[in-house]
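Comments concern the structure below.
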Amino acid sequence: EAGGKADPLERIARSFDAAAFHQAALMMDQMGAARLAALPPLERAQMLSAQAHEYLDHGLLLEAERLYQAAVAADAKIAAAHAGLAEISERTGDAQAARKEAVTSLKLMPSVEAYLVLARLDLAANHWDEALHNVRAALQIDPKSKAALELWQQIEASEGQKKK
């Protein structure tokens with residue numbers, strides 16, 4: 001360039017220090033962990049569960065599972081964490097653990113997520129009535145739940161095929 005000035009992006013690339021970046025990231029993680037540890041158990045569990053939900057939404061099952069487990073360790077009565085663990089178990093093919101966690105979650109607080117895990121497990125086992133019951137329960141909580149409405153349509157379509 002004219003005048004020998006470096007391109008701003010080139011200057012960033014030249015001055016980037018990976019070790020310093022990793023050190024800063026580690027310090028931020030430690031500060032976050034310290035803030036988290038200072039919270040009361042219920043708040044810590046809620047925060048961990050919310051963070052785990054984000055990971056689950058992005059398909060990061062191991063990270064989500066680790067955070068949900070930490071949430072349950074902080075407060076075993078956190079329904080969302082049990083619902084999250086149910087969904088992870090369902091996705092990894094452990095139907096028994098998925099059902100157990102979903103039932104635990106529902107005992108603590110009914111949720112669309114837990115009912116849908118049970119509905120999908122019932123559907124996979126060809127238990128149409130139970131699947132329909134669980135989808136209806138999910139829709140009572142959230143009548144506009146896209147996942148519940150899609151599952152409802154799937155069940156109706158499957159039952160229609162079965163009757164032919």
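Lettering and numbering for the structure tokens are positional, with chains as A, B, ... in the shown order, residues counted from 1 in each chain, and ligands counted from 1 in the shown order.
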
Run DSSP on the backbone and tell me which residues of stretch 38-138 of chain A come out as helix (DSSP H, G or I); list them as a ChimeraX atom specification. /A:38,41-57,61-74,79-91,95-108,112-124,128-138

Contacts of stretch 61-66 of chain A at 9 Å (only C-alpha atoms; same-chain gap of 5+ positions) as a short mmCIF file (atom, residue, chain, number, x, y, z; two decimals) with C-alpha atoms, in the first residue's frame:
```cif
data_model
loop_
_atom_site.label_atom_id
_atom_site.label_comp_id
_atom_site.auth_asym_id
_atom_site.auth_seq_id
_atom_site.Cartn_x
_atom_site.Cartn_y
_atom_site.Cartn_z
CA SER A 49 -29.35 -26.43 32.53
CA GLN A 51 -26.35 -23.62 28.98
CA ALA A 52 -26.76 -27.37 28.41
CA HIS A 53 -29.96 -26.73 26.44
CA GLU A 54 -28.00 -24.45 24.10
CA TYR A 55 -25.44 -27.22 23.52
CA LEU A 56 -28.22 -29.75 22.95
CA ALA A 71 -27.11 -29.21 37.04
CA GLY A 84 -32.53 -32.74 28.76
CA LEU A 85 -30.92 -35.96 29.96
CA ILE A 88 -29.83 -37.12 25.19
CA ARG A 91 -30.81 -39.61 20.87
CA THR A 92 -28.08 -42.04 21.90
#
```

Pick out the residues sitting within 6 Å of stretch 114-120 of chain A, and hand them over as a PDB file with C-alpha atoms, in the first residue's frame; count only C-alpha atoms, and ignore anything fewer than 6 positions along from it in its own chain.
```pdb
ATOM      1  CA  ALA A  83     -35.819 -33.581  30.473  1.00  0.00           C
ATOM      2  CA  ALA A 102     -38.508 -38.162  31.310  1.00  0.00           C
ATOM      3  CA  ALA A 131     -47.860 -41.812  22.241  1.00  0.00           C
ATOM      4  CA  ASN A 134     -48.243 -37.925  25.728  1.00  0.00           C
ATOM      5  CA  ALA A 138     -47.553 -31.723  25.616  1.00  0.00           C
TER       6      ALA A 138
END
```

Selected residue, from A:Asp94, A:Glu159, A:Glu150, A:Glu101, that lies nearest to A:His127 when counting only C-alpha atoms: A:Glu159

So how many Å separate atom CA of A:Thr104 and atom CA of A:Met47, to one decimal? 19.6 Å

I need the residue nearest A:Ala73 from this list: A:Pro143, A:Gly59, A:Gly93, A:Pro41. Use only C-alpha atoms for the distance.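 Of the candidates, the smallest distance to A:Ala73 is held by A:Pro41.
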
Atom CA of A:Arg136 and atom CA of A:Leu106, how far apart in Å? 14.3 Å

For A:Ala38, the nearest of the candidates A:Leu151, A:Val112, A:Leu67, A:Ala74, counting only C-alpha atoms: A:Ala74

Closest of A:Arg99, A:Arg44, A:His58, A:His133 to A:Ala76, counting only C-alpha atoms, is A:Arg44

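Of note, atom CA of A:Tyr68 and atom CA of A:Glu87 are spaced 11.0 Å apart.
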
Selected residue, from A:Ala50, A:Ala95, A:Asp57, A:Ala148, that lies nearest to A:Ala79 when counting only C-alpha atoms: A:Ala50
